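Below is input.txt, holding compact mmCIF, C-alpha atoms.
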```txt
# COMPACT_ATOMS: atom_id res chain seq x y z
CA MET U 102 231.12 205.06 138.18
CA GLY U 103 234.14 205.82 140.34
CA GLU U 104 232.28 208.54 142.18
CA LEU U 105 229.35 206.25 142.78
CA THR U 106 231.63 203.60 144.23
CA VAL U 107 233.20 206.12 146.59
CA PHE U 108 229.76 207.30 147.59
CA LEU U 109 228.48 203.78 148.28
CA VAL U 110 231.61 202.84 150.21
CA LEU U 111 231.30 205.97 152.34
CA LEU U 112 227.64 205.24 152.88
CA ALA U 113 228.26 201.66 153.96
CA LEU U 114 231.21 202.71 156.10
CA GLY U 115 229.16 205.48 157.70
CA TYR U 116 226.31 203.16 158.46
CA GLY U 117 228.44 200.27 159.68
CA ALA U 118 230.92 202.23 161.76
CA GLY U 119 228.28 204.69 162.96
CA THR U 120 225.91 201.98 164.16
CA LEU U 121 228.71 200.08 165.85
CA ALA U 122 230.05 203.17 167.61
CA GLU U 123 226.57 204.14 168.72
CA LYS U 124 225.79 200.74 170.19
CA HIS U 125 229.11 200.69 171.98
CA HIS U 126 228.58 204.20 173.31
CA TYR U 127 225.07 203.47 174.57
CA ARG U 128 226.31 200.39 176.42
CA SER U 129 228.93 202.51 178.13
CA ILE U 130 226.45 205.31 178.88
CA ASN U 131 223.89 202.97 180.43
CA LYS U 132 226.51 201.29 182.58
CA ARG U 133 227.97 204.56 183.86
CA GLU U 134 224.59 206.13 184.45
CA GLU U 135 223.70 203.16 186.62
CA GLN U 136 226.91 203.65 188.59
CA LEU U 137 226.33 207.37 189.11
CA LEU U 138 222.62 207.11 189.84
CA HIS U 139 223.19 208.04 193.49
CA LEU U 140 224.44 211.51 192.49
CA PRO U 141 221.52 213.78 191.68
CA ALA U 142 222.13 216.49 189.11
CA VAL U 143 219.31 219.01 189.14
CA THR U 144 218.56 222.39 187.63
CA ILE U 145 217.32 223.89 190.88
CA LYS U 146 219.17 227.05 191.98
CA LYS U 147 218.38 227.49 195.63
CA LEU U 148 218.31 224.72 198.13
CA ASP U 149 216.65 224.70 201.48
CA LEU U 150 219.85 223.59 203.16
CA ASP U 151 221.66 224.49 206.28
CA GLU U 152 224.58 226.32 204.74
CA THR U 153 226.86 225.52 207.59
CA GLN U 154 226.62 221.90 206.57
CA ILE U 155 228.10 222.58 203.17
CA GLU U 156 231.73 221.68 202.98
CA ARG U 157 232.48 222.66 199.44
CA ALA U 158 230.70 224.05 196.41
CA VAL U 159 232.64 223.87 193.14
CA MET U 160 231.82 224.21 189.52
CA VAL U 161 231.98 221.03 187.53
CA VAL U 162 232.07 220.89 183.75
CA GLY U 163 231.67 217.99 181.38
CA SER U 164 231.90 218.39 177.66
CA VAL U 165 231.89 216.10 174.67
CA VAL U 166 232.20 216.45 170.91
CA ILE U 167 230.49 213.89 168.74
CA SER U 168 230.60 213.78 164.97
CA VAL U 169 227.80 212.69 162.74
CA ASP U 170 228.57 209.87 160.34
CA TYR U 171 228.16 210.02 156.57
CA PHE U 172 225.00 207.96 156.53
CA LYS U 173 223.24 210.02 159.18
CA ARG U 174 224.28 213.21 157.47
CA LEU U 175 222.83 212.05 154.17
CA LEU U 176 219.66 210.95 155.91
CA ALA U 177 219.37 214.37 157.52
CA ASP U 178 220.00 216.09 154.18
CA LEU U 179 217.19 214.07 152.66
CA ARG U 180 215.03 214.99 155.63
CA ASN U 181 215.83 218.64 154.96
CA ILE U 182 214.11 218.30 151.60
CA PHE U 183 210.90 216.76 152.84
CA GLY U 184 210.79 218.12 156.37
CA GLY U 185 209.83 216.31 159.53
CA ALA U 186 211.68 215.05 162.57
CA VAL U 187 215.36 214.53 161.87
CA LYS U 188 215.44 211.17 163.59
CA SER U 189 218.97 210.40 162.59
CA TYR U 190 220.29 213.29 164.70
CA GLU U 191 218.17 212.44 167.72
CA SER U 192 220.43 209.67 168.97
CA LEU U 193 223.48 211.80 168.24
CA LEU U 194 222.32 214.60 170.52
CA ASP U 195 220.93 212.21 173.10
CA ARG U 196 224.31 210.53 173.35
CA ALA U 197 226.13 213.85 173.54
CA ARG U 198 223.87 215.22 176.29
CA ARG U 199 224.07 212.13 178.42
CA GLU U 200 227.81 211.78 177.94
CA ALA U 201 228.36 215.41 178.93
CA ILE U 202 226.30 214.98 182.07
CA LEU U 203 228.14 211.78 182.89
CA ARG U 204 231.50 213.48 182.52
CA MET U 205 230.28 216.32 184.69
CA LYS U 206 229.18 213.85 187.33
CA GLU U 207 232.48 212.01 187.15
CA LYS U 208 234.21 215.31 187.78
CA ALA U 209 232.12 215.84 190.91
CA HIS U 210 233.61 212.90 192.68
CA GLY U 211 232.46 212.65 196.29
CA ALA U 212 229.84 215.38 195.99
CA ALA U 213 226.36 214.92 197.39
CA MET U 214 224.60 216.60 194.52
CA ILE U 215 225.05 218.89 191.56
CA VAL U 216 222.73 221.90 191.45
CA ASN U 217 222.05 224.59 188.90
CA VAL U 218 222.90 222.25 186.02
CA ARG U 219 222.93 223.83 182.57
CA ILE U 220 223.38 222.13 179.25
CA GLU U 221 224.52 223.95 176.17
CA THR U 222 225.21 222.84 172.68
CA SER U 223 226.96 224.16 169.63
CA SER U 224 227.86 222.97 166.19
CA ILE U 225 231.56 222.98 165.40
CA GLY U 226 233.79 221.97 162.50
CA LYS U 227 234.30 223.17 158.97
CA ARG U 228 230.78 222.39 157.85
CA ALA U 229 229.32 224.34 160.73
CA PHE U 230 230.48 227.58 159.10
CA LYS U 231 228.42 226.73 156.05
CA GLY U 232 225.32 226.47 158.13
CA LYS U 233 225.45 222.72 158.23
CA LEU U 234 226.02 220.33 161.07
CA GLY U 235 229.65 219.30 161.43
CA SER U 236 230.23 217.92 164.86
CA VAL U 237 228.11 218.65 167.83
CA GLU U 238 229.55 219.81 171.11
CA VAL U 239 227.53 219.49 174.27
CA ILE U 240 228.75 221.04 177.48
CA ALA U 241 227.10 220.46 180.84
CA TYR U 242 228.03 222.42 183.91
CA GLY U 243 226.75 222.88 187.42
CA THR U 244 227.68 223.38 191.01
CA ALA U 245 228.80 220.31 192.88
CA ILE U 246 227.98 220.46 196.55
CA SER U 247 229.78 218.36 199.12
CA MET U 248 228.35 218.11 202.60
CA LYS U 249 230.28 217.93 205.85
CA SER U 250 230.22 214.39 207.12
CA SER U 251 228.14 214.43 210.26
CA MET J 222 207.83 207.61 201.07
CA GLN J 223 211.40 207.10 200.20
CA PHE J 224 212.91 208.28 196.98
CA VAL J 225 214.75 205.63 195.07
CA PRO J 226 216.73 206.91 192.11
CA ARG J 227 216.33 204.81 188.99
CA GLN J 228 216.82 204.98 185.28
CA PRO J 229 213.83 205.78 183.08
CA ASP J 230 212.27 202.74 181.42
CA ARG J 231 212.61 204.01 177.94
CA ASN J 232 214.32 206.87 176.19
CA VAL J 233 211.70 209.30 174.94
CA ASN J 234 214.26 211.40 173.16
CA ILE J 235 214.92 208.85 170.48
CA THR J 236 212.27 207.75 168.02
CA PRO J 237 212.42 204.01 167.65
CA THR J 238 212.96 203.72 163.92
CA SER J 239 214.90 201.85 161.31
CA ALA J 240 217.43 204.18 159.72
CA ILE J 241 217.73 202.00 156.62
CA ARG J 242 213.98 202.03 156.09
CA GLU J 243 213.83 205.80 156.50
CA PHE J 244 216.68 206.19 154.06
CA LEU J 245 215.01 203.98 151.47
CA VAL J 246 211.70 205.81 151.80
CA LEU J 247 213.29 209.27 151.50
CA ALA J 248 215.76 208.44 148.74
CA GLY J 249 213.11 206.47 146.87
CA GLY J 250 210.67 209.36 147.16
CA LEU J 251 213.24 211.81 145.90
CA MET J 252 214.14 209.60 142.97
CA ALA J 253 210.48 209.11 142.12
CA ILE J 254 209.95 212.88 142.05
CA VAL J 255 213.00 213.41 139.83
CA LEU J 256 211.83 210.63 137.53
CA VAL J 257 208.35 212.10 137.26
CA LEU J 258 209.80 215.55 136.48
CA TYR J 259 212.05 214.00 133.86
CA LEU J 260 209.13 212.21 132.22
CA LEU J 261 206.98 215.34 132.37
CA LEU J 262 209.76 217.31 130.70
CA GLY J 263 209.82 214.70 127.96
CA PHE J 264 206.10 215.19 127.36
CA ALA J 265 206.56 218.95 127.58
CA VAL J 266 209.06 218.78 124.70
CA GLU J 267 206.55 216.94 122.52
CA LEU J 268 203.82 219.41 123.48
CA LEU J 269 206.04 222.40 122.94
CA ILE J 270 207.49 221.60 119.53
CA PRO J 271 204.33 221.93 117.42
CA ARG J 272 203.57 225.20 119.21
CA LEU J 273 206.91 226.88 118.61
CA SER J 274 206.55 229.23 115.68
CA PRO J 275 209.48 229.41 113.26
CA ARG J 276 209.87 233.05 114.23
CA PHE J 277 210.21 232.28 117.91
CA GLU J 278 212.58 229.53 116.96
CA GLN J 279 214.80 232.04 115.23
CA VAL J 280 214.98 234.15 118.37
CA LEU J 281 215.74 231.03 120.34
CA ALA J 282 218.41 230.01 117.87
CA SER J 283 220.38 233.22 118.09
CA SER J 284 221.70 232.40 121.55
CA LEU J 285 222.43 228.82 120.56
CA LEU J 286 224.11 229.47 117.27
CA SER J 287 226.76 231.89 118.40
CA LYS J 288 228.54 229.02 120.13
CA THR J 289 228.51 226.61 117.19
CA MET J 290 229.31 229.30 114.64
CA SER J 291 232.56 230.15 116.35
CA GLY J 292 234.49 228.66 113.40
CA LYS J 293 235.31 230.70 110.33
CA ILE J 294 232.43 231.04 107.92
CA ASP J 295 233.37 230.48 104.30
CA ALA J 296 231.28 233.23 102.70
CA GLU J 297 231.97 232.24 99.12
CA LYS J 298 230.97 228.59 99.49
CA SER J 299 228.02 229.57 101.68
CA GLN J 300 226.82 231.80 98.87
CA LYS J 301 227.03 228.98 96.32
CA LEU J 302 225.24 226.54 98.57
CA GLN J 303 222.61 229.13 99.39
CA SER J 304 221.68 229.55 95.73
CA LEU J 305 221.25 225.79 95.38
CA LEU J 306 219.23 225.69 98.59
CA ASP J 307 216.99 228.54 97.43
CA ARG J 308 216.31 226.64 94.25
CA LEU J 309 215.39 223.51 96.18
CA GLN J 310 213.16 225.42 98.53
CA GLU J 311 211.35 227.17 95.75
CA HIS J 312 210.51 224.07 93.76
CA CYS J 313 210.83 220.89 95.73
CA ALA J 314 211.00 221.41 99.47
CA ARG J 315 208.32 223.64 100.87
CA LEU J 316 209.21 224.39 104.46
CA PRO J 317 207.78 226.82 107.00
CA TYR J 318 211.28 228.26 107.25
CA HIS J 319 213.41 230.31 105.01
CA CYS J 320 216.46 228.11 105.29
CA THR J 321 219.92 229.54 105.20
CA VAL J 322 223.13 227.60 104.85
CA LYS J 323 226.50 228.40 106.32
CA VAL J 324 229.76 226.67 105.48
CA ILE J 325 232.20 226.56 108.35
CA ASP J 326 235.85 225.66 107.99
CA SER J 327 236.34 222.53 110.01
CA PRO J 328 237.98 219.12 109.66
CA ARG J 329 234.73 217.51 110.71
CA VAL J 330 232.82 215.65 108.02
CA ASN J 331 229.42 216.76 109.16
CA ALA J 332 226.35 218.83 108.48
CA LEU J 333 223.65 219.75 110.93
CA ALA J 334 220.22 221.28 111.15
CA ALA J 335 220.31 224.10 113.67
CA PRO J 336 217.21 225.74 115.14
CA GLY J 337 215.85 228.65 113.15
CA GLY J 338 216.31 227.02 109.75
CA THR J 339 220.07 227.28 109.54
CA ILE J 340 221.90 224.41 107.92
CA ILE J 341 225.52 224.26 108.97
CA VAL J 342 227.85 222.38 106.65
CA PHE J 343 231.43 221.77 107.70
CA SER J 344 233.85 222.29 104.86
CA SER J 345 235.42 218.82 104.98
CA LEU J 346 232.10 217.30 104.05
CA LEU J 347 232.08 219.37 100.87
CA ASP J 348 235.51 218.04 99.94
CA GLU J 349 234.08 214.55 99.89
CA LEU J 350 231.31 215.36 97.44
CA SER J 351 231.72 214.61 93.77
CA SER J 352 228.41 215.74 92.31
CA GLU J 353 225.67 218.30 92.79
CA ASN J 354 223.23 215.46 93.42
CA GLU J 355 225.15 214.39 96.51
CA LEU J 356 225.11 217.93 97.78
CA THR J 357 221.37 218.10 97.18
CA PHE J 358 220.95 214.89 99.11
CA VAL J 359 222.84 216.33 102.09
CA LEU J 360 220.83 219.55 102.05
CA GLY J 361 217.63 217.56 101.50
CA HIS J 362 218.40 215.38 104.47
CA GLU J 363 218.85 218.40 106.74
CA MET J 364 215.69 220.00 105.37
CA GLY J 365 213.93 216.73 106.16
CA HIS J 366 214.92 217.27 109.80
CA PHE J 367 213.44 220.79 109.63
CA PHE J 368 210.29 219.44 108.02
CA HIS J 369 209.75 216.98 110.86
CA ARG J 370 211.17 219.43 113.39
CA ASP J 371 213.59 216.78 114.59
CA HIS J 372 216.22 219.42 115.15
CA LEU J 373 214.15 220.68 118.08
CA ARG J 374 213.48 217.20 119.39
CA GLY J 375 217.19 216.49 119.20
CA LEU J 376 217.82 219.30 121.68
CA GLY J 377 215.84 217.26 124.15
CA ARG J 378 214.63 218.37 127.50
CA GLY J 379 216.95 221.35 127.61
CA LEU J 380 214.75 222.91 124.93
CA VAL J 381 211.97 223.43 127.47
CA PHE J 382 214.21 225.48 129.73
CA MET J 383 215.60 227.33 126.76
CA ALA J 384 212.14 228.19 125.45
CA ILE J 385 210.94 229.34 128.86
CA SER J 386 213.98 231.52 129.53
CA THR J 387 213.85 233.01 126.04
CA ALA J 388 210.13 233.71 126.28
CA LEU J 389 210.59 235.37 129.66
CA PHE J 390 213.86 237.22 129.33
CA GLY J 391 214.61 237.44 125.62
CA PRO J 392 217.30 235.72 123.60
CA HIS J 393 220.51 236.97 125.17
CA ASN J 394 220.32 236.65 128.90
CA GLN J 395 222.09 234.77 131.62
CA ALA J 396 219.48 232.03 131.91
CA SER J 397 219.40 231.34 128.17
CA ARG J 398 223.15 231.30 128.02
CA LEU J 399 223.23 228.83 130.86
CA ALA J 400 220.67 226.61 129.16
CA ALA J 401 222.59 226.89 125.90
CA ARG J 402 225.68 225.58 127.58
CA PHE J 403 223.95 222.27 128.08
CA LEU J 404 222.66 222.15 124.53
CA ASN J 405 225.44 221.32 122.17
CA LEU J 406 224.28 221.54 118.59
CA THR J 407 227.11 219.41 117.29
CA GLU J 408 226.01 216.62 119.60
CA LEU J 409 222.44 216.44 118.42
CA ARG J 410 221.23 212.90 118.39
CA PHE J 411 218.47 211.68 116.18
CA SER J 412 216.67 208.41 116.40
CA ARG J 413 216.74 205.88 113.59
CA GLN J 414 213.19 206.68 112.57
CA GLN J 415 214.03 210.36 112.38
CA GLU J 416 217.07 209.71 110.22
CA THR J 417 215.09 207.40 107.96
CA ALA J 418 212.33 209.96 107.56
CA ALA J 419 214.92 212.62 106.73
CA ASP J 420 216.50 210.27 104.17
CA HIS J 421 213.13 209.76 102.52
CA PHE J 422 212.59 213.49 102.41
CA ALA J 423 216.01 213.92 100.82
CA LEU J 424 215.21 211.28 98.19
CA ASP J 425 211.95 213.04 97.38
CA VAL J 426 213.80 216.32 96.95
CA LEU J 427 216.43 214.63 94.82
CA HIS J 428 213.85 213.02 92.59
CA CYS J 429 211.83 216.20 92.30
CA THR J 430 214.90 218.22 91.34
CA TYR J 431 216.65 215.90 88.90
CA GLY J 432 213.96 213.38 87.99
CA HIS J 433 216.09 210.56 89.39
CA VAL J 434 217.90 209.68 92.61
CA GLY J 435 221.40 209.11 91.25
CA GLY J 436 224.16 210.13 93.66
CA ALA J 437 222.42 209.26 96.91
CA LEU J 438 223.71 205.73 97.18
CA ILE J 439 227.17 206.68 95.98
CA PHE J 440 227.34 209.22 98.73
CA PHE J 441 226.30 206.66 101.29
CA LYS J 442 228.85 204.14 100.15
CA LYS J 443 231.52 206.79 100.40
CA LEU J 444 230.47 207.71 103.92
CA ALA J 445 230.35 204.08 104.95
CA SER J 446 233.89 203.41 103.78
CA MET J 447 235.13 206.59 105.43
CA HIS J 448 233.39 205.67 108.58
CA HIS J 449 235.37 202.48 108.82
CA SER J 450 238.70 203.65 107.66
CA ARG J 451 240.03 207.10 107.26
CA TYR J 452 238.25 209.38 109.64
CA ALA J 453 237.42 208.99 113.24
CA GLY J 454 235.34 212.12 113.07
CA VAL J 455 232.75 211.23 110.48
CA SER J 456 229.66 212.26 112.31
CA PHE J 457 227.20 212.96 109.55
CA PHE J 458 224.52 210.29 110.04
CA SER J 459 226.56 208.89 112.87
CA SER J 460 223.76 208.68 115.41
CA HIS J 461 223.38 205.17 114.15
CA PRO J 462 226.29 203.79 112.24
CA LEU J 463 224.23 201.08 110.59
CA PHE J 464 225.05 202.12 107.07
CA PRO J 465 224.17 198.82 105.36
CA GLU J 466 220.69 198.75 106.86
CA ARG J 467 220.16 202.34 105.98
CA MET J 468 221.26 201.83 102.43
CA GLN J 469 218.91 198.89 102.18
CA ASP J 470 216.11 201.11 103.42
CA LEU J 471 216.98 203.75 100.81
CA GLN J 472 216.87 201.16 98.06
CA ASP J 473 213.55 199.82 99.31
CA TYR J 474 212.08 203.30 99.37
CA CYS J 475 213.30 204.03 95.85
CA ARG J 476 211.78 200.79 94.58
CA GLN J 477 208.51 201.53 96.33
CA GLN J 478 208.30 205.05 94.92
CA GLY J 479 209.53 204.02 91.50
CA PHE J 480 212.61 206.23 91.74
CA HIS J 481 215.48 205.16 89.56
CA ASN J 482 219.12 206.04 89.10
CA GLY J 483 220.33 208.50 86.55
CA ARG J 484 223.31 210.49 85.39
CA VAL J 485 224.60 212.79 88.10
CA THR J 486 225.10 216.49 87.51
CA PRO J 487 228.70 217.53 88.13
CA LEU J 488 229.47 220.22 90.63
CA PRO J 489 229.61 223.72 89.18
CA GLU J 490 232.92 225.01 87.85
CA GLY J 491 235.48 226.21 90.32
CA TRP J 492 234.03 224.30 93.28
```
Using structure tokens, write down the structure from this file.
Amino acid sequence: MGELTVFLVLLALGYGAGTLAEKHHYRSINKREEQLLHLPAVTIKKLDLDETQIERAVMVVGSVVISVDYFKRLLADLRNIFGGAVKSYESLLDRARREAILRMKEKAHGAAMIVNVRIETSSIGKRAFKGKLGSVEVIAYGTAISMKSS
Amino acid sequence: MQFVPRQPDRNVNITPTSAIREFLVLAGGLMAIVLVLYLLLGFAVELLIPRLSPRFEQVLASSLLSKTMSGKIDAEKSQKLQSLLDRLQEHCARLPYHCTVKVIDSPRVNALAAPGGTIIVFSSLLDELSSENELTFVLGHEMGHFFHRDHLRGLGRGLVFMAISTALFGPHNQASRLAARFLNLTELRFSRQQETAADHFALDVLHCTYGHVGGALIFFKKLASMHHSRYAGVSFFSSHPLFPERMQDLQDYCRQQGFHNGRVTPLPEGW
């Protein structure tokens, strides 16, 4: 009985806190993406640019670690039994990717664009060593290019 | 044409879904599967029991018994009980088993029917008996469980695993040992109907042996009073502690069959 109570409390807490945090995060992401819309971040490597016009080219990195909540983890475990799209992790990774890119863009303050953008992800935390998902880290990096003001 | 940067209309990377609904569907599905398996196992037990030969049962029992028999076996008392049991089996209780009885030193007031036709009697139960008739009733009751094969049913769903592992790998292997760990013979539980049927069997044996059923009710009264007062560990017949109802049932059965009371035979000398 005691174990069941703990389980249910964790489940409710995971769902409540997880949903709240996610909503809050998405609001912040949407707002900041809107603000940084003018700064293109692309995967292209070579640009047809007049190199003499480039003032600076620096590497910018943005990284974020997001943990999965108890409810989502249980949902994913259940999904592991039956198979199919693990929908509960989709928003987790979507948030992490977008947050990492945002942080990278914020780092590239004043740049005209970020080229050669790469996104990488890894699973970290104690559970990750057991082949499970602990927390997810997403790192985004690229080359921020600032142009000479003409 | 001028490029105007803008946000995408909708996020294709997230499936619009209700997490609660998904959880309920998945957890519900899992529970349904477990439930179905559990029910199927229950049917499997009923299917399996009539098909288990007493010989296979003996093989099966060997891995189960070693755990319960860990107490000290009283060879002398076992011998005495065995001779009584042999007599009963020869004349009054025809069973597909050759039953053996083992007396184990233990403060528990209990007797049990173990797979393979072994009756285990704990020594404290013997101390409570005052006549041979009572002893016959106890043995008859356990033989009644063998007759109806309740002792296998009492093992429950674990029996299926046990039977499969024994059939595949023999009696003493890791899988059987693991299954045996979940099957505790001393915690066998019988239903009321099973106990009643075993009581009737015991009365039949008693009547057949002595020509009357004297001793049975005395024994019950003794157990009932013990149950309430002295011992916490009276577990013989304890799967339903409704002694008065059970005694009433015994009396009804005796009346129906025309059994009557008689003088009890004392226990043999030097008991």
**Message:** The residues within 12 Å of (223.1, 202.0, 179.6), using only C-alpha atoms and the coordinates of the file, should be reported as number ranges by chain; which are they?
**Reply:** U: 123-138, 196, 199-200, 203; J: 227-232
**Item:** Lys323 (chain J) environment, 10 Å, only C-alpha atoms, sequence neighbours closer than 5 positions dropped, as a ChimeraX atom specification
**Value:** /J:290,293-300,302-303,332,339-344
Per-residue nearest contacts chain U to chain J, cut-off 12 Å, using only C-alpha atoms, as JSON lines:
```
{"residue": "U:Leu112", "atom": "CA", "partner": "J:Phe244", "partner_atom": "CA", "distance": 11.1}
{"residue": "U:Ala113", "atom": "CA", "partner": "J:Ile241", "partner_atom": "CA", "distance": 10.9}
{"residue": "U:Gly115", "atom": "CA", "partner": "J:Ala240", "partner_atom": "CA", "distance": 12.0}
{"residue": "U:Tyr116", "atom": "CA", "partner": "J:Ile241", "partner_atom": "CA", "distance": 8.9}
{"residue": "U:Gly117", "atom": "CA", "partner": "J:Ile241", "partner_atom": "CA", "distance": 11.3}
{"residue": "U:Gly119", "atom": "CA", "partner": "J:Ala240", "partner_atom": "CA", "distance": 11.3}
{"residue": "U:Thr120", "atom": "CA", "partner": "J:Ala240", "partner_atom": "CA", "distance": 9.8}
{"residue": "U:Tyr127", "atom": "CA", "partner": "J:Asn232", "partner_atom": "CA", "distance": 11.4}
{"residue": "U:Ile130", "atom": "CA", "partner": "J:Gln228", "partner_atom": "CA", "distance": 11.6}
{"residue": "U:Asn131", "atom": "CA", "partner": "J:Gln228", "partner_atom": "CA", "distance": 8.8}
{"residue": "U:Lys132", "atom": "CA", "partner": "J:Gln228", "partner_atom": "CA", "distance": 10.7}
{"residue": "U:Arg133", "atom": "CA", "partner": "J:Gln228", "partner_atom": "CA", "distance": 11.2}
{"residue": "U:Glu134", "atom": "CA", "partner": "J:Gln228", "partner_atom": "CA", "distance": 7.9}
{"residue": "U:Glu135", "atom": "CA", "partner": "J:Gln228", "partner_atom": "CA", "distance": 7.2}
{"residue": "U:Gln136", "atom": "CA", "partner": "J:Arg227", "partner_atom": "CA", "distance": 10.7}
{"residue": "U:Leu137", "atom": "CA", "partner": "J:Pro226", "partner_atom": "CA", "distance": 10.1}
{"residue": "U:Leu138", "atom": "CA", "partner": "J:Pro226", "partner_atom": "CA", "distance": 6.3}
{"residue": "U:His139", "atom": "CA", "partner": "J:Pro226", "partner_atom": "CA", "distance": 6.7}
{"residue": "U:Leu140", "atom": "CA", "partner": "J:Pro226", "partner_atom": "CA", "distance": 9.0}
{"residue": "U:Pro141", "atom": "CA", "partner": "J:Pro226", "partner_atom": "CA", "distance": 8.4}
{"residue": "U:Ala142", "atom": "CA", "partner": "J:Pro226", "partner_atom": "CA", "distance": 11.4}
{"residue": "U:Phe172", "atom": "CA", "partner": "J:Phe244", "partner_atom": "CA", "distance": 8.9}
{"residue": "U:Lys173", "atom": "CA", "partner": "J:Ala240", "partner_atom": "CA", "distance": 8.3}
{"residue": "U:Arg174", "atom": "CA", "partner": "J:Phe244", "partner_atom": "CA", "distance": 10.9}
{"residue": "U:Leu175", "atom": "CA", "partner": "J:Phe244", "partner_atom": "CA", "distance": 8.5}
{"residue": "U:Leu176", "atom": "CA", "partner": "J:Phe244", "partner_atom": "CA", "distance": 5.9}
{"residue": "U:Ala177", "atom": "CA", "partner": "J:Phe244", "partner_atom": "CA", "distance": 9.3}
{"residue": "U:Asp178", "atom": "CA", "partner": "J:Leu247", "partner_atom": "CA", "distance": 9.9}
{"residue": "U:Leu179", "atom": "CA", "partner": "J:Leu247", "partner_atom": "CA", "distance": 6.3}
{"residue": "U:Arg180", "atom": "CA", "partner": "J:Leu247", "partner_atom": "CA", "distance": 7.3}
{"residue": "U:Asn181", "atom": "CA", "partner": "J:Leu247", "partner_atom": "CA", "distance": 10.3}
{"residue": "U:Ile182", "atom": "CA", "partner": "J:Leu251", "partner_atom": "CA", "distance": 8.7}
{"residue": "U:Phe183", "atom": "CA", "partner": "J:Leu247", "partner_atom": "CA", "distance": 8.0}
{"residue": "U:Gly184", "atom": "CA", "partner": "J:Leu247", "partner_atom": "CA", "distance": 10.4}
{"residue": "U:Gly185", "atom": "CA", "partner": "J:Leu247", "partner_atom": "CA", "distance": 11.2}
{"residue": "U:Ala186", "atom": "CA", "partner": "J:Thr236", "partner_atom": "CA", "distance": 9.1}
{"residue": "U:Val187", "atom": "CA", "partner": "J:Thr236", "partner_atom": "CA", "distance": 9.7}
{"residue": "U:Lys188", "atom": "CA", "partner": "J:Thr236", "partner_atom": "CA", "distance": 6.4}
{"residue": "U:Ser189", "atom": "CA", "partner": "J:Ala240", "partner_atom": "CA", "distance": 7.0}
{"residue": "U:Tyr190", "atom": "CA", "partner": "J:Ile235", "partner_atom": "CA", "distance": 9.1}
{"residue": "U:Glu191", "atom": "CA", "partner": "J:Ile235", "partner_atom": "CA", "distance": 5.6}
{"residue": "U:Ser192", "atom": "CA", "partner": "J:Ile235", "partner_atom": "CA", "distance": 5.8}
{"residue": "U:Leu193", "atom": "CA", "partner": "J:Ile235", "partner_atom": "CA", "distance": 9.3}
{"residue": "U:Leu194", "atom": "CA", "partner": "J:Asn234", "partner_atom": "CA", "distance": 9.1}
{"residue": "U:Asp195", "atom": "CA", "partner": "J:Asn234", "partner_atom": "CA", "distance": 6.7}
{"residue": "U:Arg196", "atom": "CA", "partner": "J:Ile235", "partner_atom": "CA", "distance": 10.0}
{"residue": "U:Arg198", "atom": "CA", "partner": "J:Asn234", "partner_atom": "CA", "distance": 10.8}
{"residue": "U:Arg199", "atom": "CA", "partner": "J:Asn234", "partner_atom": "CA", "distance": 11.2}
```
**Message:** Between CA of Ile325 (chain J) and CA of Gly436 (chain J), what is the distance in Å, rounded to a tenth?
**Reply:**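 Spanning CA of Ile325 (chain J) to CA of Gly436 (chain J) is a straight-line distance of 23.5 Å.
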**Request:** Select all residues near (222.8, 206.1, 99.6) (cut-off 10 Å, inclusive, file coordinates), counting only C-alpha atoms, and output them as a ChimeraX atom specification.
**Result:** /J:355,358,420,424,434-445,464-465,467-472
**Request:** Give the answer as one residue: which of J:Leu350, J:Val280, J:Val381, J:Val322 has the shortest atom-to-atom distance to Leu262 (chain J), using only C-alpha atoms?
**Result:**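 Among the listed residues, the smallest separation from Leu262 (chain J) belongs to J:Val381.
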**Message:** When you look at Gly338 (chain J) with a cut-off of 10 Å (counting only C-alpha atoms), what residues show up, excluding the ones that are within fewer than 4 positions of it in the same chain? I need them as a ChimeraX atom specification.
**Reply:** /J:275-276,278-279,282,316-322,334,363-364,366-368,370,372
**Asked** Quick one, how far is CA of Val162 (chain U) from CA of Lys147 (chain U)?
**Response**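 About the pair CA of Val162 (chain U) and CA of Lys147 (chain U): they are 19.3 Å apart.
Distances from J:Glu311, J:Glu416, J:Asp348, J:Asp371 to Pro336 (chain J) were compared using only C-alpha atoms, and the smallest one belongs to J:Asp371.
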**Message:** Need to verify the contact set: Gly243 (chain U), 10 Å, all atoms listed in the file, exclusion of same-chain residues closer than 4 positions in sequence. Can you return it as a list of chain:residue names?
**Reply:**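 That gives U:Ala142, U:Val143, U:Thr144, U:Lys146, U:Ala158, U:Val159, U:Met160, U:Val161, U:Val162, U:Gly163, U:Ile202, U:Met205, U:Lys206, U:Ala209, U:Met214, U:Ile215, U:Val216, U:Asn217, U:Val218, U:Arg219, U:Ile220.
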